[in-house]
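The next block is coords_6.pdb, given as PDB, C-alpha atoms and all ligand atoms.
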ATOM      1  CA  MET A  30     -26.246 -56.090  34.308  1.00  0.00           C
ATOM      2  CA  ASN A  31     -28.956 -54.965  31.942  1.00  0.00           C
ATOM      3  CA  ASN A  32     -27.666 -51.399  31.698  1.00  0.00           C
ATOM      4  CA  ILE A  33     -27.617 -49.500  28.411  1.00  0.00           C
ATOM      5  CA  ILE A  34     -24.899 -46.868  28.059  1.00  0.00           C
ATOM      6  CA  LEU A  35     -25.014 -44.093  25.493  1.00  0.00           C
ATOM      7  CA  ILE A  36     -21.682 -42.708  24.369  1.00  0.00           C
ATOM      8  CA  GLY A  37     -20.677 -40.190  21.708  1.00  0.00           C
ATOM      9  CA  TYR A  38     -19.609 -36.629  21.145  1.00  0.00           C
ATOM     10  CA  MET A  39     -21.131 -33.550  22.756  1.00  0.00           C
ATOM     11  CA  GLY A  40     -24.434 -32.689  21.105  1.00  0.00           C
ATOM     12  CA  ALA A  41     -25.039 -36.232  19.827  1.00  0.00           C
ATOM     13  CA  GLY A  42     -28.246 -36.382  21.891  1.00  0.00           C
ATOM     14  CA  LYS A  43     -27.116 -38.796  24.621  1.00  0.00           C
ATOM     15  CA  THR A  44     -29.149 -37.158  27.387  1.00  0.00           C
ATOM     16  CA  SER A  45     -32.354 -36.560  25.390  1.00  0.00           C
ATOM     17  CA  VAL A  46     -32.268 -40.010  23.771  1.00  0.00           C
ATOM     18  CA  GLY A  47     -31.340 -41.564  27.119  1.00  0.00           C
ATOM     19  CA  ARG A  48     -34.422 -40.128  28.809  1.00  0.00           C
ATOM     20  CA  GLU A  49     -36.674 -41.460  26.012  1.00  0.00           C
ATOM     21  CA  LEU A  50     -35.033 -44.859  26.044  1.00  0.00           C
ATOM     22  CA  ALA A  51     -35.378 -45.121  29.823  1.00  0.00           C
ATOM     23  CA  LEU A  52     -39.122 -44.470  29.487  1.00  0.00           C
ATOM     24  CA  LEU A  53     -39.478 -47.074  26.736  1.00  0.00           C
ATOM     25  CA  GLU A  54     -37.452 -49.684  28.581  1.00  0.00           C
ATOM     26  CA  ASN A  55     -38.809 -48.880  32.021  1.00  0.00           C
ATOM     27  CA  LYS A  56     -35.324 -48.262  33.357  1.00  0.00           C
ATOM     28  CA  VAL A  57     -33.912 -45.467  35.495  1.00  0.00           C
ATOM     29  CA  PHE A  58     -32.009 -42.716  33.727  1.00  0.00           C
ATOM     30  CA  MET A  59     -28.539 -41.633  34.886  1.00  0.00           C
ATOM     31  CA  ASP A  60     -26.135 -39.092  33.469  1.00  0.00           C
ATOM     32  CA  THR A  61     -22.441 -39.096  34.439  1.00  0.00           C
ATOM     33  CA  ASP A  62     -22.160 -35.302  34.089  1.00  0.00           C
ATOM     34  CA  MET A  63     -25.137 -34.762  36.382  1.00  0.00           C
ATOM     35  CA  ALA A  64     -23.754 -37.255  38.920  1.00  0.00           C
ATOM     36  CA  ILE A  65     -20.425 -35.385  38.887  1.00  0.00           C
ATOM     37  CA  GLU A  66     -22.074 -31.989  39.308  1.00  0.00           C
ATOM     38  CA  LYS A  67     -24.066 -33.328  42.238  1.00  0.00           C
ATOM     39  CA  ARG A  68     -20.981 -34.881  43.829  1.00  0.00           C
ATOM     40  CA  ALA A  69     -18.789 -31.803  43.366  1.00  0.00           C
ATOM     41  CA  GLY A  70     -21.538 -29.299  44.127  1.00  0.00           C
ATOM     42  CA  LYS A  71     -20.401 -27.357  41.062  1.00  0.00           C
ATOM     43  CA  ARG A  72     -21.194 -27.019  37.384  1.00  0.00           C
ATOM     44  CA  ILE A  73     -18.899 -28.834  34.936  1.00  0.00           C
ATOM     45  CA  ARG A  74     -17.505 -25.591  33.554  1.00  0.00           C
ATOM     46  CA  ASP A  75     -16.574 -24.463  37.080  1.00  0.00           C
ATOM     47  CA  ILE A  76     -14.876 -27.794  37.835  1.00  0.00           C
ATOM     48  CA  PHE A  77     -12.800 -27.373  34.646  1.00  0.00           C
ATOM     49  CA  ALA A  78     -11.994 -23.742  35.499  1.00  0.00           C
ATOM     50  CA  LEU A  79     -11.180 -24.267  39.184  1.00  0.00           C
ATOM     51  CA  GLU A  80      -9.794 -27.820  39.412  1.00  0.00           C
ATOM     52  CA  GLY A  81      -8.812 -28.551  35.829  1.00  0.00           C
ATOM     53  CA  GLU A  82      -9.692 -31.246  33.315  1.00  0.00           C
ATOM     54  CA  ALA A  83      -7.554 -34.000  34.910  1.00  0.00           C
ATOM     55  CA  TYR A  84      -9.519 -33.680  38.162  1.00  0.00           C
ATOM     56  CA  PHE A  85     -12.788 -33.916  36.201  1.00  0.00           C
ATOM     57  CA  ARG A  86     -11.551 -37.040  34.369  1.00  0.00           C
ATOM     58  CA  ASP A  87     -10.719 -38.690  37.723  1.00  0.00           C
ATOM     59  CA  LEU A  88     -14.243 -37.960  38.907  1.00  0.00           C
ATOM     60  CA  GLU A  89     -15.626 -39.584  35.746  1.00  0.00           C
ATOM     61  CA  THR A  90     -13.730 -42.800  36.502  1.00  0.00           C
ATOM     62  CA  LYS A  91     -14.874 -42.768  40.142  1.00  0.00           C
ATOM     63  CA  ILE A  92     -18.514 -42.282  39.167  1.00  0.00           C
ATOM     64  CA  LEU A  93     -18.212 -45.110  36.642  1.00  0.00           C
ATOM     65  CA  GLU A  94     -16.708 -47.444  39.254  1.00  0.00           C
ATOM     66  CA  GLU A  95     -19.562 -46.627  41.609  1.00  0.00           C
ATOM     67  CA  MET A  96     -22.134 -47.250  38.901  1.00  0.00           C
ATOM     68  CA  LEU A  97     -20.565 -50.643  38.268  1.00  0.00           C
ATOM     69  CA  GLU A  98     -21.032 -51.485  41.952  1.00  0.00           C
ATOM     70  CA  ASN A  99     -24.560 -50.167  42.312  1.00  0.00           C
ATOM     71  CA  LEU A 100     -26.442 -49.960  39.049  1.00  0.00           C
ATOM     72  CA  SER A 101     -28.504 -52.404  37.096  1.00  0.00           C
ATOM     73  CA  ASP A 102     -31.437 -51.788  34.801  1.00  0.00           C
ATOM     74  CA  ALA A 103     -30.412 -48.229  34.023  1.00  0.00           C
ATOM     75  CA  VAL A 104     -29.913 -46.142  30.908  1.00  0.00           C
ATOM     76  CA  ILE A 105     -26.705 -44.168  31.385  1.00  0.00           C
ATOM     77  CA  SER A 106     -25.638 -41.155  29.379  1.00  0.00           C
ATOM     78  CA  ALA A 107     -21.816 -40.917  29.504  1.00  0.00           C
ATOM     79  CA  GLY A 108     -19.959 -37.609  29.128  1.00  0.00           C
ATOM     80  CA  GLY A 109     -18.406 -37.238  25.657  1.00  0.00           C
ATOM     81  CA  GLY A 110     -14.806 -37.631  26.829  1.00  0.00           C
ATOM     82  CA  LEU A 111     -15.400 -40.505  29.212  1.00  0.00           C
ATOM     83  CA  PRO A 112     -14.602 -43.383  26.795  1.00  0.00           C
ATOM     84  CA  ILE A 113     -11.223 -41.876  25.899  1.00  0.00           C
ATOM     85  CA  THR A 114      -9.201 -43.740  28.511  1.00  0.00           C
ATOM     86  CA  GLU A 115      -8.746 -47.476  28.240  1.00  0.00           C
ATOM     87  CA  LYS A 116      -9.620 -47.944  31.904  1.00  0.00           C
ATOM     88  CA  ASN A 117     -13.001 -46.282  31.375  1.00  0.00           C
ATOM     89  CA  ARG A 118     -13.641 -48.332  28.243  1.00  0.00           C
ATOM     90  CA  LEU A 119     -13.118 -51.550  30.198  1.00  0.00           C
ATOM     91  CA  LEU A 120     -15.512 -50.294  32.878  1.00  0.00           C
ATOM     92  CA  LEU A 121     -18.101 -49.355  30.247  1.00  0.00           C
ATOM     93  CA  LYS A 122     -17.956 -52.841  28.714  1.00  0.00           C
ATOM     94  CA  LYS A 123     -18.566 -54.399  32.115  1.00  0.00           C
ATOM     95  CA  LEU A 124     -21.396 -52.010  32.894  1.00  0.00           C
ATOM     96  CA  GLY A 125     -23.673 -53.028  30.013  1.00  0.00           C
ATOM     97  CA  LYS A 126     -24.485 -52.660  26.313  1.00  0.00           C
ATOM     98  CA  VAL A 127     -22.723 -49.665  24.801  1.00  0.00           C
ATOM     99  CA  ILE A 128     -24.500 -47.639  22.101  1.00  0.00           C
ATOM    100  CA  PHE A 129     -22.520 -45.072  20.112  1.00  0.00           C
ATOM    101  CA  LEU A 130     -24.629 -42.092  19.023  1.00  0.00           C
ATOM    102  CA  LYS A 131     -22.735 -40.807  16.001  1.00  0.00           C
ATOM    103  CA  VAL A 132     -23.064 -37.226  14.843  1.00  0.00           C
ATOM    104  CA  LYS A 133     -21.574 -34.999  12.132  1.00  0.00           C
ATOM    105  CA  ALA A 134     -19.502 -31.925  13.011  1.00  0.00           C
ATOM    106  CA  GLU A 135     -21.988 -29.611  11.276  1.00  0.00           C
ATOM    107  CA  THR A 136     -24.858 -31.016  13.352  1.00  0.00           C
ATOM    108  CA  VAL A 137     -22.908 -30.493  16.583  1.00  0.00           C
ATOM    109  CA  MET A 138     -22.166 -26.951  15.455  1.00  0.00           C
ATOM    110  CA  LYS A 139     -25.867 -26.238  14.860  1.00  0.00           C
ATOM    111  CA  ARG A 140     -26.939 -27.771  18.148  1.00  0.00           C
ATOM    112  CA  LEU A 141     -24.236 -26.208  20.328  1.00  0.00           C
ATOM    113  CA  GLU A 142     -23.529 -22.920  18.580  1.00  0.00           C
ATOM    114  CA  ARG A 143     -24.585 -20.843  21.576  1.00  0.00           C
ATOM    115  CA  ASP A 144     -23.786 -23.372  24.317  1.00  0.00           C
ATOM    116  CA  THR A 145     -21.702 -22.051  27.201  1.00  0.00           C
ATOM    117  CA  THR A 146     -21.745 -25.158  29.406  1.00  0.00           C
ATOM    118  CA  ARG A 147     -19.097 -27.208  27.523  1.00  0.00           C
ATOM    119  CA  PRO A 148     -15.637 -25.873  28.420  1.00  0.00           C
ATOM    120  CA  LEU A 149     -13.970 -27.731  25.546  1.00  0.00           C
ATOM    121  CA  LEU A 150     -16.131 -25.975  22.954  1.00  0.00           C
ATOM    122  CA  GLN A 151     -15.554 -22.350  23.833  1.00  0.00           C
ATOM    123  CA  ASP A 152     -12.977 -21.856  21.032  1.00  0.00           C
ATOM    124  CA  HIS A 153     -13.380 -19.146  18.429  1.00  0.00           C
ATOM    125  CA  ASN A 154     -12.892 -21.693  15.704  1.00  0.00           C
ATOM    126  CA  LYS A 155     -15.504 -24.084  16.978  1.00  0.00           C
ATOM    127  CA  LEU A 156     -16.147 -26.077  13.793  1.00  0.00           C
ATOM    128  CA  THR A 157     -12.453 -26.864  13.291  1.00  0.00           C
ATOM    129  CA  LYS A 158     -12.148 -27.923  16.932  1.00  0.00           C
ATOM    130  CA  ILE A 159     -15.192 -30.197  16.627  1.00  0.00           C
ATOM    131  CA  LYS A 160     -13.874 -31.767  13.389  1.00  0.00           C
ATOM    132  CA  ASP A 161     -10.433 -32.382  14.907  1.00  0.00           C
ATOM    133  CA  MET A 162     -11.895 -33.965  18.023  1.00  0.00           C
ATOM    134  CA  LEU A 163     -14.321 -36.148  16.043  1.00  0.00           C
ATOM    135  CA  ARG A 164     -11.473 -37.411  13.868  1.00  0.00           C
ATOM    136  CA  LEU A 165      -9.642 -38.549  16.996  1.00  0.00           C
ATOM    137  CA  ARG A 166     -12.590 -39.754  18.991  1.00  0.00           C
ATOM    138  CA  ASN A 167     -14.897 -41.507  16.509  1.00  0.00           C
ATOM    139  CA  PRO A 168     -12.619 -44.572  16.106  1.00  0.00           C
ATOM    140  CA  ILE A 169     -12.419 -44.807  19.908  1.00  0.00           C
ATOM    141  CA  TYR A 170     -16.197 -44.613  20.325  1.00  0.00           C
ATOM    142  CA  GLU A 171     -16.589 -47.263  17.614  1.00  0.00           C
ATOM    143  CA  SER A 172     -14.075 -49.580  19.227  1.00  0.00           C
ATOM    144  CA  VAL A 173     -16.084 -49.865  22.433  1.00  0.00           C
ATOM    145  CA  SER A 174     -19.630 -49.893  20.998  1.00  0.00           C
ATOM    146  CA  ASP A 175     -22.059 -52.764  20.555  1.00  0.00           C
ATOM    147  CA  MET A 176     -24.272 -50.673  18.270  1.00  0.00           C
ATOM    148  CA  ILE A 177     -23.791 -47.497  16.241  1.00  0.00           C
ATOM    149  CA  MET A 178     -26.697 -45.128  15.609  1.00  0.00           C
ATOM    150  CA  GLU A 179     -26.441 -42.000  13.448  1.00  0.00           C
ATOM    151  CA  THR A 180     -28.384 -39.161  15.006  1.00  0.00           C
ATOM    152  CA  ASP A 181     -28.179 -36.282  12.524  1.00  0.00           C
ATOM    153  CA  GLN A 182     -31.532 -36.810  10.804  1.00  0.00           C
ATOM    154  CA  LEU A 183     -33.717 -38.388  13.465  1.00  0.00           C
ATOM    155  CA  GLY A 184     -35.631 -37.168  16.519  1.00  0.00           C
ATOM    156  CA  CYS A 185     -34.932 -38.506  20.007  1.00  0.00           C
ATOM    157  CA  GLU A 186     -38.034 -40.710  20.134  1.00  0.00           C
ATOM    158  CA  GLU A 187     -37.224 -42.374  16.814  1.00  0.00           C
ATOM    159  CA  ILE A 188     -33.613 -42.986  17.855  1.00  0.00           C
ATOM    160  CA  ALA A 189     -34.699 -44.456  21.183  1.00  0.00           C
ATOM    161  CA  ALA A 190     -37.205 -46.757  19.428  1.00  0.00           C
ATOM    162  CA  ARG A 191     -34.550 -47.921  16.962  1.00  0.00           C
ATOM    163  CA  ILE A 192     -32.113 -48.683  19.757  1.00  0.00           C
ATOM    164  CA  ARG A 193     -34.753 -50.668  21.615  1.00  0.00           C
ATOM    165  CA  ASP A 194     -35.609 -52.636  18.441  1.00  0.00           C
ATOM    166  CA  GLY A 195     -31.922 -53.212  17.737  1.00  0.00           C
ATOM    167  CA  LEU A 196     -31.321 -54.551  21.220  1.00  0.00           C
ATOM    168  CA  THR A 197     -34.227 -56.952  21.076  1.00  0.00           C
ATOM    169  CA  GLY A 198     -33.215 -58.086  17.592  1.00  0.00           C
ATOM    170  CA  VAL A 199     -36.579 -57.083  16.016  1.00  0.00           C
TER     171      VAL A 199
HETATM  172  C1  LIG A 201     -16.982 -33.501  27.448  1.00  0.00           C
HETATM  173  C2  LIG A 201     -18.345 -33.708  27.278  1.00  0.00           C
HETATM  174  C3  LIG A 201     -19.359 -33.169  28.202  1.00  0.00           C
HETATM  175  C4  LIG A 201     -18.759 -33.004  29.608  1.00  0.00           C
HETATM  176  C5  LIG A 201     -17.502 -32.191  29.559  1.00  0.00           C
HETATM  177  C6  LIG A 201     -16.431 -32.813  28.648  1.00  0.00           C
HETATM  178  C7  LIG A 201     -16.042 -34.049  26.426  1.00  0.00           C
HETATM  179  O1  LIG A 201     -20.468 -34.049  28.278  1.00  0.00           O
HETATM  180  O2  LIG A 201     -18.517 -34.256  30.185  1.00  0.00           O
HETATM  181  O3  LIG A 201     -17.835 -30.894  29.115  1.00  0.00           O
HETATM  182  O4  LIG A 201     -14.843 -34.167  26.704  1.00  0.00           O
HETATM  183  O5  LIG A 201     -16.522 -34.398  25.326  1.00  0.00           O
HETATM  184  P1  LIG A 201     -21.588 -34.194  27.101  1.00  0.00           P
HETATM  185  O6  LIG A 201     -21.024 -35.126  26.069  1.00  0.00           O
HETATM  186  O7  LIG A 201     -22.752 -34.794  27.814  1.00  0.00           O
HETATM  187  O8  LIG A 201     -21.855 -32.844  26.564  1.00  0.00           O
END
Starting from the file, give its structure as structure tokens.
Ligand code: S3P
Amino acid sequence: MNNIILIGYMGAGKTSVGRELALLENKVFMDTDMAIEKRAGKRIRDIFALEGEAYFRDLETKILEEMLENLSDAVISAGGGLPITEKNRLLLKKLGKVIFLKVKAETVMKRLERDTTRPLLQDHNKLTKIKDMLRLRNPIYESVSDMIMETDQLGCEEIAARIRDGLTGV
């Protein structure tokens, strides 16, 4: 289907890298979080607060199913928790090439220290929460990915260029 999907933890750079990669590859850029916010008419943190996480996760699966019906030639940034269910992982595999943007807990901490938009990262002990979640999630991200790219040291443009080169086998 010629789609490229970026997965990984919050703060890995999926949206920024995705926009760059879409420019390089001449593809449209889509973001599952943005699609959900548009659909629900609410910000993610309000969906979590008002409807709860399970409702949000259902919306993620619905958006993914719709993308599978309608999208080709797109770069898609997937919300950090989207690959956690097996159903979503199967959908991701069908949708296109899956790239895992890997990031260290300390980098996430630096990037999202003052962020208020991610409901799962509003804990007092943020670094411990990030480390615990990465320990659980990284093997899951790896299991579904066609390519792994570490993003701690590199800028978005460089990461996008490396992904493009990796996909074309250069
Ligand atoms: C989440 C990641 C967020 C967003 C929601 C839940 C997660 O997306 O979908 O806050 O469970 O990791 P980003 O990874 O784009 O920040």
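For ligand LIG 201 (chain A), the neighbouring polymer residues at 8 Å or closer are Ile36, Gly37, Tyr38, Met39, Gly40, Ala41, Lys43, Thr44, Asp60, Thr61, Asp62, Ile73, Arg74, Ser106, Ala107, Gly108, Gly109, Gly110, Leu111, Thr146, Arg147, Pro148 and Leu149 of chain A, all atoms listed in the file being used.
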Selection dump of the PyMOL selection byres (((chain A and resi 93) around 9) and not hetatm), as a VMD selection string:
chain A and resid 61 88 to 92 94 to 98 117 120 to 121 124
Can you write just those residues out, C-alpha atoms, as a PDB file, keeping the file's coordinate frame?
ATOM      1  CA  THR A  61     -22.441 -39.096  34.439  1.00  0.00           C
ATOM      2  CA  LEU A  88     -14.243 -37.960  38.907  1.00  0.00           C
ATOM      3  CA  GLU A  89     -15.626 -39.584  35.746  1.00  0.00           C
ATOM      4  CA  THR A  90     -13.730 -42.800  36.502  1.00  0.00           C
ATOM      5  CA  LYS A  91     -14.874 -42.768  40.142  1.00  0.00           C
ATOM      6  CA  ILE A  92     -18.514 -42.282  39.167  1.00  0.00           C
ATOM      7  CA  GLU A  94     -16.708 -47.444  39.254  1.00  0.00           C
ATOM      8  CA  GLU A  95     -19.562 -46.627  41.609  1.00  0.00           C
ATOM      9  CA  MET A  96     -22.134 -47.250  38.901  1.00  0.00           C
ATOM     10  CA  LEU A  97     -20.565 -50.643  38.268  1.00  0.00           C
ATOM     11  CA  GLU A  98     -21.032 -51.485  41.952  1.00  0.00           C
ATOM     12  CA  ASN A 117     -13.001 -46.282  31.375  1.00  0.00           C
ATOM     13  CA  LEU A 120     -15.512 -50.294  32.878  1.00  0.00           C
ATOM     14  CA  LEU A 121     -18.101 -49.355  30.247  1.00  0.00           C
ATOM     15  CA  LEU A 124     -21.396 -52.010  32.894  1.00  0.00           C
TER      16      LEU A 124
END
Nearest candidate to Leu163 of chain A (options A:Lys131, A:Met59, A:Ala69, A:Ile177; using only C-alpha atoms):
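Ranked by minimum distance to Leu163 of chain A, first place goes to A:Lys131.
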Result set, the PyMOL selection byres (((chain A and resi 138) around 10) and not hetatm) on current file, as a VMD selection string:
chain A and resid 39 to 40 133 to 137 139 to 144 150 155 to 157 159 to 160
Could you expand the PyMOL selection byres (((chain A and resi 50-56) around 10) and not hetatm) into the explicit residues it covers here, written as a PyMOL selection string?
chain A and resi 31-33+44-49+57-59+101-105+185-193
Any idea what the distance is between atom CA of Lys126 of chain A and atom CA of Met176 of chain A?
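So the answer is 8.3 Å.
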Grab all the atoms of segment 70-84 of chain A that the file lists, wrap them in a box along x, y and z, add 5 Å per side, and give me centre plus edge lengths in Å (one decimal) as lines of an AutoDock Vina configuration file.
center_x = -14.5
center_y = -28.9
center_z = 38.7
size_x = 24.0
size_y = 20.3
size_z = 20.8
From A:Leu119, A:Val132, A:Ile65, A:Leu100, residue lying nearest Asp87 of chain A [all atoms listed in the file]:
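Among the listed residues, A:Ile65 lies closest to Asp87 of chain A.
Candidate residues A:Asp175, A:Asp181, A:Asp152, A:Glu115 were compared for distance to Ile128 of chain A, and the nearest is A:Asp175, using all atoms listed in the file.
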One decimal, Å: what's the distance from atom CA of Leu35 of chain A over to atom CA of Ser174 of chain A, could you say?
9.1 Å
Could you work out how far atom CA of Glu179 of chain A lies from atom CA of Phe129 of chain A, giving the answer in Å with one decimal?
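These atoms are spaced 8.3 Å apart.
With all atoms listed in the file as the basis for measurement, A:Leu130 is the residue among A:Met162, A:Leu130, A:Arg72, A:Lys122 that approaches Leu183 of chain A most closely.
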